[in-house]
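The data block below is my_file24.cif; it holds mmCIF, C-alpha atoms and all ligand atoms.
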data_input
loop_
_atom_site.label_atom_id
_atom_site.label_comp_id
_atom_site.auth_asym_id
_atom_site.auth_seq_id
_atom_site.Cartn_x
_atom_site.Cartn_y
_atom_site.Cartn_z
CA MET A 416 0.00 0.00 0.00
CA ARG A 417 1.36 3.40 -1.05
CA SER A 418 2.30 5.75 1.81
CA SER A 419 0.40 9.05 2.11
CA PHE A 420 3.80 10.76 1.84
CA ALA A 421 4.45 9.30 -1.63
CA GLY A 422 4.85 11.97 -4.30
CA LYS A 423 4.63 14.88 -1.83
CA ASN A 424 7.19 17.68 -2.00
CA ILE A 425 8.46 18.01 1.54
CA VAL A 426 10.97 20.72 2.50
CA VAL A 427 12.90 19.90 5.68
CA GLY A 428 14.65 22.89 7.28
CA VAL A 429 17.44 21.71 9.59
CA THR A 430 18.91 24.20 12.07
CA GLY A 431 21.87 24.13 14.45
CA SER A 432 21.12 21.57 17.14
CA ILE A 433 22.56 18.21 18.05
CA ALA A 434 19.07 16.83 17.39
CA ALA A 435 19.83 17.26 13.65
CA PHE A 436 21.10 13.66 13.81
CA LYS A 437 17.62 12.45 14.72
CA VAL A 438 16.12 14.33 11.78
CA ALA A 439 18.49 12.49 9.44
CA GLY A 440 16.51 9.33 10.31
CA TRP A 441 13.23 11.12 9.61
CA VAL A 442 14.48 12.25 6.18
CA SER A 443 15.55 8.70 5.40
CA THR A 444 12.06 7.38 6.32
CA LEU A 445 10.28 10.04 4.24
CA ALA A 446 12.50 9.29 1.23
CA LYS A 447 11.86 5.54 1.60
CA GLU A 448 8.13 6.30 1.60
CA GLU A 449 8.70 8.02 -1.76
CA ALA A 450 8.35 11.63 -0.67
CA GLN A 451 10.40 14.17 -2.67
CA VAL A 452 12.52 15.56 0.18
CA SER A 453 14.47 18.83 -0.20
CA VAL A 454 16.69 19.60 2.76
CA ILE A 455 17.75 23.14 3.64
CA MET A 456 20.52 23.42 6.22
CA THR A 457 21.36 26.61 8.05
CA ARG A 458 25.02 27.49 8.54
CA SER A 459 25.01 26.32 12.15
CA ALA A 460 23.28 23.06 11.19
CA ARG A 461 26.26 22.33 8.97
CA GLU A 462 28.50 22.61 12.06
CA PHE A 463 26.66 19.66 13.61
CA ILE A 464 26.21 17.34 10.65
CA ALA A 465 27.60 17.17 7.15
CA PRO A 466 25.28 18.09 4.25
CA LEU A 467 26.44 14.90 2.54
CA THR A 468 24.48 12.87 5.13
CA PHE A 469 21.21 14.55 4.20
CA ALA A 470 22.04 14.45 0.47
CA ALA A 471 22.64 10.69 0.66
CA LEU A 472 19.51 10.02 2.74
CA SER A 473 17.15 12.23 0.74
CA GLY A 474 18.61 11.39 -2.65
CA ASN A 475 18.69 15.13 -3.48
CA PRO A 476 21.30 17.88 -3.23
CA VAL A 477 21.16 19.83 0.03
CA HIS A 478 20.34 23.55 -0.14
CA GLY A 479 22.29 26.02 1.92
CA GLU A 480 22.85 29.42 0.41
CA MET A 481 20.15 31.81 -0.70
CA PHE A 482 21.82 32.64 -3.98
CA ASP A 483 23.55 29.68 -5.52
CA PRO A 484 25.39 30.83 -8.67
CA VAL A 485 25.22 27.28 -10.13
CA ARG A 486 21.42 27.09 -9.81
CA ALA A 487 20.66 30.80 -10.00
CA GLU A 488 17.99 30.36 -12.67
CA ARG A 489 15.92 28.16 -10.33
CA MET A 490 15.46 31.01 -7.84
CA ASP A 491 15.69 28.44 -5.03
CA HIS A 492 14.80 30.99 -2.38
CA ILE A 493 11.28 31.22 -3.79
CA ALA A 494 10.91 27.93 -5.69
CA LEU A 495 11.38 25.62 -2.72
CA GLY A 496 8.64 27.28 -0.69
CA ARG A 497 6.29 27.75 -3.63
CA ASP A 498 6.45 24.09 -4.72
CA ALA A 499 6.24 22.56 -1.23
CA ASP A 500 3.30 20.43 -0.06
CA LEU A 501 4.68 20.64 3.46
CA VAL A 502 7.50 22.51 5.24
CA LEU A 503 9.00 20.89 8.32
CA VAL A 504 11.46 22.90 10.43
CA ALA A 505 13.26 20.36 12.63
CA PRO A 506 15.11 20.73 14.86
CA ALA A 507 14.10 24.39 15.27
CA THR A 508 16.45 26.37 17.50
CA ALA A 509 15.39 29.37 19.63
CA ASP A 510 17.18 31.61 17.12
CA THR A 511 15.36 30.22 14.07
CA ILE A 512 12.03 30.39 15.89
CA ALA A 513 12.73 34.06 16.75
CA ARG A 514 13.65 34.87 13.16
CA LEU A 515 10.53 33.11 11.81
CA ALA A 516 8.39 34.95 14.38
CA GLY A 517 9.91 38.25 13.24
CA GLY A 518 9.16 37.45 9.59
CA LEU A 519 12.84 37.74 8.67
CA ALA A 520 14.03 36.51 5.31
CA ASP A 521 17.78 36.70 5.72
CA ASP A 522 18.65 33.12 4.79
CA LEU A 523 17.28 30.38 2.54
CA LEU A 524 15.24 28.69 5.28
CA THR A 525 13.40 31.78 6.55
CA THR A 526 12.79 32.97 2.97
CA THR A 527 11.41 29.57 1.99
CA VAL A 528 9.03 29.53 4.96
CA LEU A 529 7.78 33.04 4.09
CA ALA A 530 7.23 32.03 0.47
CA ALA A 531 5.43 28.80 1.36
CA ARG A 532 1.64 28.47 1.29
CA ALA A 533 1.76 24.84 2.36
CA PRO A 534 1.34 23.74 6.00
CA VAL A 535 4.39 24.55 8.17
CA VAL A 536 5.29 22.27 11.07
CA VAL A 537 7.93 23.45 13.57
CA CYS A 538 9.66 21.08 16.03
CA PRO A 539 11.50 23.11 18.69
CA ALA A 540 14.61 21.49 20.19
CA MET A 541 16.82 23.38 22.64
CA ASN A 542 17.94 23.70 26.24
CA SER A 543 14.85 23.76 28.48
CA ARG A 544 15.70 27.17 29.99
CA MET A 545 15.87 28.65 26.51
CA TYR A 546 12.61 26.91 25.59
CA LEU A 547 10.78 28.15 28.70
CA HIS A 548 12.10 31.75 28.40
CA PRO A 549 9.18 34.16 27.81
CA ALA A 550 10.85 35.42 24.63
CA THR A 551 10.81 31.94 23.09
CA GLN A 552 7.29 31.27 24.35
CA ASP A 553 6.08 34.58 22.86
CA ASN A 554 7.75 33.73 19.56
CA ILE A 555 6.11 30.30 19.53
CA GLY A 556 2.77 32.02 20.18
CA ARG A 557 3.38 34.22 17.12
CA LEU A 558 4.18 31.20 14.94
CA LYS A 559 0.91 29.59 16.04
CA LYS A 560 -0.93 32.80 15.08
CA PHE A 561 0.58 32.51 11.59
CA GLY A 562 -1.10 29.09 11.41
CA TYR A 563 2.12 27.11 11.82
CA GLN A 564 1.84 23.95 13.84
CA VAL A 565 4.41 24.04 16.66
CA LEU A 566 4.99 20.72 18.40
CA THR A 567 5.54 20.51 22.14
CA PRO A 568 9.04 19.18 22.75
CA ALA A 569 9.53 16.04 24.82
CA ALA A 570 10.97 16.29 28.34
CA GLY A 571 14.04 14.43 29.55
CA MET A 572 17.85 14.53 29.77
CA MET A 573 19.39 16.68 27.06
CA ALA A 574 22.80 16.85 25.40
CA CYS A 575 23.74 19.74 27.76
CA ARG A 576 23.18 17.32 30.73
CA GLU A 577 20.18 19.29 31.95
CA GLU A 578 16.72 17.87 32.32
CA GLY A 579 13.42 19.41 31.20
CA PRO A 580 11.34 20.12 28.08
CA GLY A 581 13.34 20.73 24.91
CA ARG A 582 13.98 17.35 23.34
CA LEU A 583 12.89 16.64 19.79
CA PRO A 584 9.74 14.45 19.87
CA GLU A 585 9.85 10.85 18.62
CA TRP A 586 9.16 10.12 14.95
CA GLU A 587 5.97 8.13 15.72
CA ASP A 588 4.34 11.30 17.12
CA VAL A 589 5.74 13.67 14.49
CA GLN A 590 4.73 11.33 11.68
CA GLU A 591 1.05 11.57 12.63
CA ILE A 592 1.18 15.39 12.59
CA LEU A 593 2.89 15.36 9.19
CA LEU A 594 0.40 12.84 7.81
CA ARG A 595 -2.44 15.10 8.96
CA ALA A 596 -0.72 18.02 7.23
CA VAL A 597 -0.58 16.22 3.85
CA THR A 598 -4.03 14.58 4.07
CA GLU A 599 -7.25 16.10 2.70
CA GLN A 600 -9.10 17.55 5.69
CA ASP A 601 -12.56 16.23 4.92
CA LEU A 602 -13.49 15.49 8.56
CA VAL A 603 -12.77 19.01 9.85
CA GLY A 604 -15.54 20.09 12.21
CA GLU A 605 -16.51 16.50 13.07
CA ARG A 606 -16.29 15.53 16.72
CA VAL A 607 -15.73 11.83 16.53
CA LEU A 608 -16.23 9.32 19.35
CA ILE A 609 -14.75 5.86 18.76
CA THR A 610 -14.78 2.79 20.98
CA ALA A 611 -12.11 0.10 20.62
CA GLY A 612 -10.79 -3.09 22.15
CA PRO A 613 -12.40 -5.66 24.43
CA THR A 614 -14.04 -5.28 27.82
CA ARG A 615 -13.09 -7.36 30.84
CA GLU A 616 -15.78 -8.68 33.12
CA HIS A 617 -14.23 -9.66 36.42
CA LEU A 618 -15.02 -12.92 38.14
CA ASP A 619 -12.57 -12.59 41.01
CA PRO A 620 -9.30 -10.65 41.64
CA ALA A 621 -7.44 -12.96 39.23
CA ARG A 622 -9.90 -13.84 36.47
CA PHE A 623 -12.15 -12.17 33.94
CA LEU A 624 -14.31 -12.94 30.92
CA SER A 625 -13.16 -11.17 27.77
CA ASN A 626 -12.68 -11.66 24.01
CA ARG A 627 -9.99 -11.56 21.32
CA SER A 628 -10.25 -7.89 20.33
CA SER A 629 -6.78 -6.30 20.01
CA GLY A 630 -8.09 -2.75 19.44
CA LYS A 631 -6.33 -2.57 16.03
CA MET A 632 -9.51 -1.78 14.06
CA GLY A 633 -10.72 0.93 16.47
CA TYR A 634 -7.28 2.52 16.79
CA ALA A 635 -6.91 2.60 12.98
CA LEU A 636 -10.25 4.47 12.86
CA ALA A 637 -8.98 6.93 15.48
CA ARG A 638 -5.65 7.55 13.70
CA THR A 639 -7.21 8.07 10.30
CA ALA A 640 -10.00 10.33 11.65
CA PHE A 641 -7.38 12.56 13.29
CA ARG A 642 -5.37 12.68 10.06
CA ARG A 643 -8.48 13.76 8.15
CA GLY A 644 -9.04 16.68 10.52
CA ALA A 645 -11.52 15.36 13.10
CA GLU A 646 -11.39 15.98 16.82
CA VAL A 647 -11.17 12.45 18.20
CA HIS A 648 -12.13 10.85 21.52
CA LEU A 649 -11.31 7.19 21.94
CA VAL A 650 -12.88 5.05 24.66
CA SER A 651 -10.66 2.02 24.86
CA GLY A 652 -10.71 -1.31 26.62
CA PRO A 653 -7.40 -2.85 27.75
CA VAL A 654 -5.11 -3.20 24.69
CA ALA A 655 -1.36 -3.14 24.08
CA LEU A 656 -1.48 -0.14 21.72
CA PRO A 657 -0.16 3.39 22.41
CA CYS A 658 -2.63 6.27 22.30
CA PRO A 659 -2.52 7.69 18.74
CA ALA A 660 -1.03 11.20 18.51
CA GLY A 661 -3.64 13.96 18.71
CA VAL A 662 -6.33 11.61 20.07
CA ARG A 663 -7.89 11.91 23.55
CA ARG A 664 -8.18 8.47 25.11
CA VAL A 665 -10.32 7.33 28.02
CA SER A 666 -9.26 3.87 29.27
CA ILE A 667 -11.89 1.54 30.69
CA GLN A 668 -12.04 -2.12 31.70
CA THR A 669 -15.68 -3.22 31.94
CA ALA A 670 -18.75 -2.79 29.74
CA ARG A 671 -20.36 -0.72 32.46
CA GLU A 672 -17.32 1.60 32.55
CA MET A 673 -17.48 1.90 28.77
CA HIS A 674 -21.19 2.69 29.04
CA ALA A 675 -20.47 5.49 31.55
CA ALA A 676 -17.61 6.99 29.48
CA VAL A 677 -19.55 6.84 26.20
CA SER A 678 -22.69 8.32 27.78
CA GLN A 679 -20.65 11.29 28.98
CA LEU A 680 -19.09 12.00 25.56
CA ALA A 681 -21.96 11.03 23.22
CA ASP A 682 -23.96 14.26 23.39
CA ALA A 683 -21.10 16.34 22.01
CA ALA A 684 -20.17 13.85 19.26
CA SER A 685 -21.23 14.38 15.65
CA VAL A 686 -20.10 10.88 14.64
CA ILE A 687 -19.96 7.80 16.89
CA VAL A 688 -18.25 4.59 15.77
CA LYS A 689 -18.56 1.54 18.02
CA ALA A 690 -15.73 -0.78 17.01
CA ALA A 691 -15.28 -2.20 20.53
CA ALA A 692 -16.11 -5.82 21.26
CA VAL A 693 -18.28 -5.31 24.32
CA ALA A 694 -19.07 -8.31 26.53
CA ASP A 695 -22.81 -8.90 26.48
CA PHE A 696 -22.70 -10.62 29.88
CA ARG A 697 -20.74 -10.30 33.12
CA PRO A 698 -20.49 -12.62 36.14
CA ALA A 699 -23.54 -11.86 38.31
CA VAL A 700 -21.24 -11.73 41.33
CA GLU A 701 -17.66 -10.47 41.38
CA GLU A 702 -15.94 -12.45 44.14
CA ARG A 703 -13.70 -10.42 46.48
CA GLU A 704 -11.46 -13.45 47.13
CA LYS A 705 -9.90 -15.71 44.53
CA VAL A 706 -12.21 -18.64 43.72
CA LYS A 707 -10.47 -21.81 44.97
CA LYS A 708 -10.07 -24.82 42.72
CA ASP A 709 -10.93 -27.34 45.45
CA ARG A 710 -14.65 -26.87 44.67
CA ALA A 711 -16.15 -29.90 42.95
CA GLY A 712 -17.34 -27.74 40.07
CA LEU A 713 -18.26 -24.17 39.29
CA SER A 714 -21.24 -22.84 37.47
CA LEU A 715 -21.30 -19.20 36.64
CA GLU A 716 -24.39 -17.06 36.75
CA LEU A 717 -24.25 -14.19 34.27
CA SER A 718 -26.04 -10.83 34.13
CA ARG A 719 -26.73 -8.80 30.99
CA ASN A 720 -24.54 -5.79 30.33
CA PRO A 721 -26.10 -2.62 28.91
CA ASP A 722 -26.31 -2.61 25.10
CA ILE A 723 -24.50 0.71 24.62
CA LEU A 724 -25.03 0.92 20.87
CA HIS A 725 -28.74 0.20 21.18
CA GLU A 726 -29.08 2.99 23.73
CA LEU A 727 -27.13 5.40 21.47
CA GLY A 728 -29.57 4.56 18.66
CA GLN A 729 -32.51 5.43 20.90
CA THR A 730 -31.02 8.76 22.02
CA LYS A 731 -29.44 9.80 18.69
CA LYS A 732 -29.16 13.57 18.28
CA GLU A 733 -30.20 15.34 15.11
CA GLY A 734 -27.39 15.25 12.59
CA GLN A 735 -25.44 12.63 14.54
CA ILE A 736 -24.08 9.74 12.43
CA LEU A 737 -24.07 6.43 14.29
CA VAL A 738 -21.83 3.64 13.00
CA GLY A 739 -21.92 0.14 14.45
CA PHE A 740 -19.76 -2.89 13.89
CA ALA A 741 -20.92 -6.50 13.81
CA ALA A 742 -18.69 -9.47 14.51
CA GLU A 743 -20.37 -12.41 12.79
CA SER A 744 -19.53 -16.02 12.08
CA SER A 745 -22.34 -16.67 9.52
CA ASN A 746 -25.19 -14.90 7.65
CA LEU A 747 -23.19 -11.68 7.53
CA GLU A 748 -25.63 -9.71 5.40
CA ALA A 749 -28.80 -10.71 7.28
CA GLU A 750 -27.22 -10.17 10.70
CA GLY A 751 -25.80 -6.81 9.62
CA ARG A 752 -29.14 -5.61 8.26
CA LYS A 753 -30.90 -6.72 11.44
CA LYS A 754 -28.48 -4.73 13.64
CA LEU A 755 -28.68 -1.69 11.34
CA ALA A 756 -32.46 -1.62 11.81
CA THR A 757 -32.89 -2.69 15.46
CA LYS A 758 -30.11 -0.41 16.74
CA ASN A 759 -31.21 2.55 14.57
CA LEU A 760 -27.77 2.89 12.93
CA ASP A 761 -26.78 4.94 9.90
CA LEU A 762 -24.03 2.55 8.85
CA ILE A 763 -22.78 -0.87 9.91
CA ALA A 764 -19.43 -2.55 9.25
CA VAL A 765 -19.87 -6.30 9.33
CA ASN A 766 -16.82 -8.53 9.69
CA ASN A 767 -16.35 -12.24 9.45
CA ILE A 768 -14.62 -13.43 12.63
CA CYS A 769 -14.01 -16.98 11.36
CA SER A 770 -11.13 -16.13 9.02
CA ASP A 771 -7.46 -15.60 9.96
CA SER A 772 -7.26 -12.42 7.88
CA THR A 773 -10.44 -10.60 8.95
CA GLY A 774 -11.93 -9.49 12.26
CA PHE A 775 -10.09 -10.11 15.53
CA GLU A 776 -6.34 -9.56 16.09
CA CYS A 777 -5.04 -9.58 12.51
CA ASP A 778 -3.72 -6.50 10.66
CA THR A 779 -6.12 -6.90 7.74
CA ASN A 780 -9.89 -6.83 7.40
CA GLN A 781 -12.67 -7.23 4.89
CA ILE A 782 -15.85 -5.40 5.72
CA LEU A 783 -19.37 -5.63 4.38
CA LEU A 784 -20.47 -2.01 4.68
CA ILE A 785 -24.25 -1.58 4.83
CA ASP A 786 -26.40 1.52 5.11
CA ARG A 787 -29.99 2.29 4.19
CA GLU A 788 -29.12 2.92 0.54
CA ARG A 789 -26.36 0.53 -0.34
CA GLU A 790 -24.29 -2.43 0.53
CA VAL A 791 -20.62 -2.72 -0.49
CA LEU A 792 -18.13 -5.50 0.13
CA LEU A 793 -14.88 -3.61 0.70
CA PRO A 794 -11.64 -5.16 -0.57
CA MET A 795 -9.49 -7.22 1.78
CA THR A 796 -6.83 -4.76 2.92
CA GLY A 797 -5.00 -3.31 5.95
CA LYS A 798 -7.12 -2.06 8.85
CA GLU A 799 -5.96 1.53 8.24
CA GLN A 800 -7.15 1.42 4.63
CA THR A 801 -10.42 -0.20 5.78
CA ALA A 802 -10.84 2.64 8.28
CA ASP A 803 -10.29 5.21 5.51
CA MET A 804 -13.00 3.57 3.38
CA ILE A 805 -15.44 3.71 6.31
CA TRP A 806 -14.64 7.44 6.73
CA ASP A 807 -15.17 7.96 2.98
CA ARG A 808 -18.73 6.68 3.42
CA VAL A 809 -19.28 8.83 6.53
CA VAL A 810 -18.14 11.90 4.55
CA GLU A 811 -20.61 10.99 1.78
CA LEU A 812 -23.47 10.51 4.26
CA ARG A 813 -22.68 13.91 5.81
CA ARG A 814 -22.63 15.57 2.39
CA GLN A 815 -25.97 13.99 1.42
CA ARG A 816 -27.55 15.20 4.65
CA GLN A 817 -26.21 18.71 4.17
CA GLU A 818 -27.59 18.78 0.63
CA MET A 819 -30.98 17.59 1.87
CA SER A 820 -31.13 20.16 4.65
CA GLY A 821 -29.67 22.89 2.44
CA GLY A 822 -26.56 23.62 4.52
CA GLY A 823 -25.02 23.32 8.02
CA ARG A 824 -24.30 20.29 10.18
O1 LIG B 1 -9.89 -5.14 17.83
P1 LIG B 1 -9.50 -5.99 16.64
O2 LIG B 1 -8.64 -7.17 17.05
O3 LIG B 1 -8.87 -5.16 15.56
O4 LIG B 1 -10.83 -6.63 16.03
C1 LIG B 1 -11.79 -5.81 15.44
C2 LIG B 1 -13.22 -6.23 15.81
C3 LIG B 1 -13.49 -7.61 15.22
C4 LIG B 1 -13.40 -6.27 17.32
C5 LIG B 1 -14.17 -5.14 15.21
O5 LIG B 1 -13.92 -5.01 13.84
C6 LIG B 1 -15.64 -5.49 15.46
O6 LIG B 1 -16.28 -6.22 14.75
N1 LIG B 1 -16.20 -4.93 16.56
C7 LIG B 1 -17.57 -5.23 17.03
C8 LIG B 1 -17.51 -6.46 17.87
C9 LIG B 1 -18.86 -6.77 18.49
O7 LIG B 1 -19.00 -6.64 19.68
O8 LIG B 1 -19.82 -7.08 17.64
P2 LIG B 1 -21.33 -7.45 18.07
O9 LIG B 1 -21.95 -7.93 16.83
O10 LIG B 1 -21.33 -8.33 19.27
O11 LIG B 1 -21.94 -6.06 18.52
C10 LIG B 1 -22.60 -5.18 17.62
C11 LIG B 1 -22.32 -3.74 17.97
O12 LIG B 1 -22.90 -3.45 19.26
C12 LIG B 1 -20.86 -3.35 18.06
O13 LIG B 1 -20.71 -2.06 17.50
C13 LIG B 1 -20.58 -3.30 19.57
O14 LIG B 1 -19.59 -2.34 19.90
C14 LIG B 1 -21.95 -2.89 20.12
N2 LIG B 1 -22.26 -3.41 21.46
C15 LIG B 1 -22.33 -4.75 21.69
C16 LIG B 1 -22.68 -5.22 22.94
C17 LIG B 1 -22.95 -4.29 23.98
N3 LIG B 1 -23.27 -4.70 25.19
N4 LIG B 1 -22.86 -2.97 23.72
C18 LIG B 1 -22.54 -2.52 22.49
O15 LIG B 1 -22.45 -1.31 22.27
#
Could you spell out this file's structure in structure tokens?
Ligand code: PMT
Amino acid sequence: MRSSFAGKNIVVGVTGSIAAFKVAGWVSTLAKEEAQVSVIMTRSAREFIAPLTFAALSGNPVHGEMFDPVRAERMDHIALGRDADLVLVAPATADTIARLAGGLADDLLTTTVLAARAPVVVCPAMNSRMYLHPATQDNIGRLKKFGYQVLTPAAGMMACREEGPGRLPEWEDVQEILLRAVTEQDLVGERVLITAGPTREHLDPARFLSNRSSGKMGYALARTAFRRGAEVHLVSGPVALPCPAGVRRVSIQTAREMHAAVSQLADAASVIVKAAAVADFRPAVEEREKVKKDRAGLSLELSRNPDILHELGQTKKEGQILVGFAAESSNLEAEGRKKLATKNLDLIAVNNICSDSTGFECDTNQILLIDREREVLLPMTGKEQTADMIWDRVVELRRQRQEMSGGGR
């Protein structure tokens, strides 16, 4: 599957910080994902790392001087900014941030940023006292006013042997911000609530009833919704996945905890997607002490858990789009249609849980996507691509509703 960075013109402005070494790895990744990467290095950046490193990793010559007599006809100081799909300034020193905040254009990097109309992402990296100084904070505030996205640096031990905020963030977090910057923002204005993962229904302090959900499908929906511009809340059962960048996560264990968290967030949501595998039953009694094995046998009495999706269908707000999932082992279409109707859903994603490459745990999925107008069997693909196809349908449903109501959400 082609990366979203493929074919994008990405200008990376590297300034004078030891963290420039980390950015070399980022450039290498972007180039491997087939982005066209043009690196601009300031003079002080070249003190820390040789331009040859970035030239080799990006596969392109590195830009340094504003007026290069060899390439004078290209007018690099304007062309790089004008042709960019994205400008990333990383690491950004206090000095570069100050010069960008002042609108200076006294070197190739600042000129390129001024000439750019593409999204600009700035990753500050410096000593924490410099970062926390009111001058730097004011300058960062100005950059944000210009519409630049300024990342919060990570905290920890720095090259100067001091501890505090100022470290360059990790690629996994930066990557999500960059992907959002190069992705069409067709979910802007949507407040999305997603549930993911399993629930655990406790029997005693050691044991619980649960299911095979890994959270991969729900987390892919959260990541892709954020990239497409949505504000995302994720209510998640216990999974081994990190919280996606830009997403607000509420962690729960039981179905009743998920019910409480979802009920609190549902009113404000414009789209709700229930990808979680919620336990329908819980042990009627949760034992305080561990159940001993010397009993002759054990029969378990179970109580019904709330059907969260059903309740959301009953209390659906005007304009809200409600998307359910169905985990089925047979009669996919009939079961999906039944849930669509009885739970008052706008869309349902039905998956077959009896195959190794769809449903629980695996990285791929194949969804039968049903709404009131159509039914489509999506191709077998990665869960992220599946998530994008579900969002495509949500965007269409939103557009149809807006056309019918003659405007607003
Ligand atoms: O997490 P992964 O390993 O990536 O696996 C993904 C998945 C298979 C879990 C996911 O794609 C999926 O199918 N999720 C729904 C699982 C499920 O509980 O299906 P269901 O048919 O039992 O429930 C129907 C719908 O009602 C679901 O949206 C579910 O979230 C919701 N529900 C169910 C029971 C309940 N008490 N409350 C609910 O809200």
Hey, which bits of chain A sit within 6 Å of ligand LIG 1 (chain B), and for each residue what's the closest pair of atoms and how far apart in Å (one decimal), counting all atoms listed in the file, rows by chain and increasing number, as a tab-separated table?
residue	atom	partner	partner_atom	distance
A:Gly612	CA	B:LIG1	O1	4.9
A:Ser628	CA	B:LIG1	O2	3.7
A:Ser629	CA	B:LIG1	O2	3.6
A:Gly630	CA	B:LIG1	O1	3.4
A:Lys631	CA	B:LIG1	O3	3.7
A:Met632	CA	B:LIG1	O3	3.8
A:Lys689	CA	B:LIG1	O13	4.2
A:Ala690	CA	B:LIG1	N1	4.2
A:Ala691	CA	B:LIG1	O14	4.4
A:Ala692	CA	B:LIG1	O7	3.4
A:Val693	CA	B:LIG1	C16	4.6
A:Ala694	CA	B:LIG1	N3	5.7
A:Asp695	CA	B:LIG1	N3	4.4
A:Asn720	CA	B:LIG1	N3	5.4
A:Pro721	CA	B:LIG1	N3	5.1
A:Asp722	CA	B:LIG1	N3	3.7
A:Ile723	CA	B:LIG1	O15	3.7
A:Leu724	CA	B:LIG1	O15	3.7
A:Gly739	CA	B:LIG1	O13	4.0
A:Phe740	CA	B:LIG1	O13	3.8
A:Ala741	CA	B:LIG1	O9	3.5
A:Ala742	CA	B:LIG1	O6	4.1
A:Asn766	CA	B:LIG1	O6	5.6
A:Gly774	CA	B:LIG1	C3	3.8
A:Phe775	CA	B:LIG1	O4	3.6
A:Glu776	CA	B:LIG1	O2	3.5
Take the selection from the previous step and output its residues with C-alpha atoms, as a tab-separated table (two decimals), in the coordinates of the input.
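out-v1.tsv written:
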chain	number	residue	atom	x	y	z
A	612	GLY	CA	-10.79	-3.09	22.15
A	628	SER	CA	-10.25	-7.89	20.33
A	629	SER	CA	-6.78	-6.30	20.01
A	630	GLY	CA	-8.09	-2.75	19.44
A	631	LYS	CA	-6.33	-2.57	16.03
A	632	MET	CA	-9.51	-1.78	14.06
A	689	LYS	CA	-18.56	1.54	18.02
A	690	ALA	CA	-15.73	-0.78	17.01
A	691	ALA	CA	-15.28	-2.20	20.53
A	692	ALA	CA	-16.11	-5.82	21.26
A	693	VAL	CA	-18.28	-5.31	24.32
A	694	ALA	CA	-19.07	-8.31	26.53
A	695	ASP	CA	-22.81	-8.90	26.48
A	720	ASN	CA	-24.54	-5.79	30.33
A	721	PRO	CA	-26.10	-2.62	28.91
A	722	ASP	CA	-26.31	-2.61	25.10
A	723	ILE	CA	-24.50	0.71	24.62
A	724	LEU	CA	-25.03	0.92	20.87
A	739	GLY	CA	-21.92	0.14	14.45
A	740	PHE	CA	-19.76	-2.89	13.89
A	741	ALA	CA	-20.92	-6.50	13.81
A	742	ALA	CA	-18.69	-9.47	14.51
A	766	ASN	CA	-16.82	-8.53	9.69
A	774	GLY	CA	-11.93	-9.49	12.26
A	775	PHE	CA	-10.09	-10.11	15.53
A	776	GLU	CA	-6.34	-9.56	16.09
Item to check | Counting all atoms listed in the file, the residue of A:Cys575, A:Met481, A:Val603, A:Ala569 that sits nearest A:Val589 | outcome: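 Selected residue with least distance to A:Val589: A:Ala569.
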Checklist entry - Closest to A:Met456 among A:His492, A:Arg417, A:Lys798, A:His478, using only C-alpha atoms? => result A:His478
With all atoms listed in the file as the counted atoms, please give the residues lying no more than 10 Å from A:Pro698, apart from itself and same-chain residues fewer than 6 positions off, as a CSV table (one decimal) with C-alpha atoms, keeping the file's coordinate frame.
chain,number,residue,atom,x,y,z
A,616,GLU,CA,-15.8,-8.7,33.1
A,617,HIS,CA,-14.2,-9.7,36.4
A,618,LEU,CA,-15.0,-12.9,38.1
A,619,ASP,CA,-12.6,-12.6,41.0
A,623,PHE,CA,-12.2,-12.2,33.9
A,624,LEU,CA,-14.3,-12.9,30.9
A,715,LEU,CA,-21.3,-19.2,36.6
A,716,GLU,CA,-24.4,-17.1,36.8
A,717,LEU,CA,-24.2,-14.2,34.3
A,718,SER,CA,-26.0,-10.8,34.1
A,719,ARG,CA,-26.7,-8.8,31.0
A,720,ASN,CA,-24.5,-5.8,30.3
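Going from atom CA of A:Thr614 over to atom CA of A:Arg710, you cover 27.4 Å.
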Item to check | Separation of atom CA of A:Arg606 from atom CA of A:Gly728 in Å | outcome: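 Calculated distance between atom CA of A:Gly728 and atom CA of A:Arg606 is 17.3 Å.
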Checklist entry - Smallest atom-to-atom distance to A:Ala465: which of A:Met541, A:Val429, A:Arg595, A:Val765, using all atoms listed in the file? => result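 Among the listed residues, the smallest separation from A:Ala465 belongs to A:Val429.
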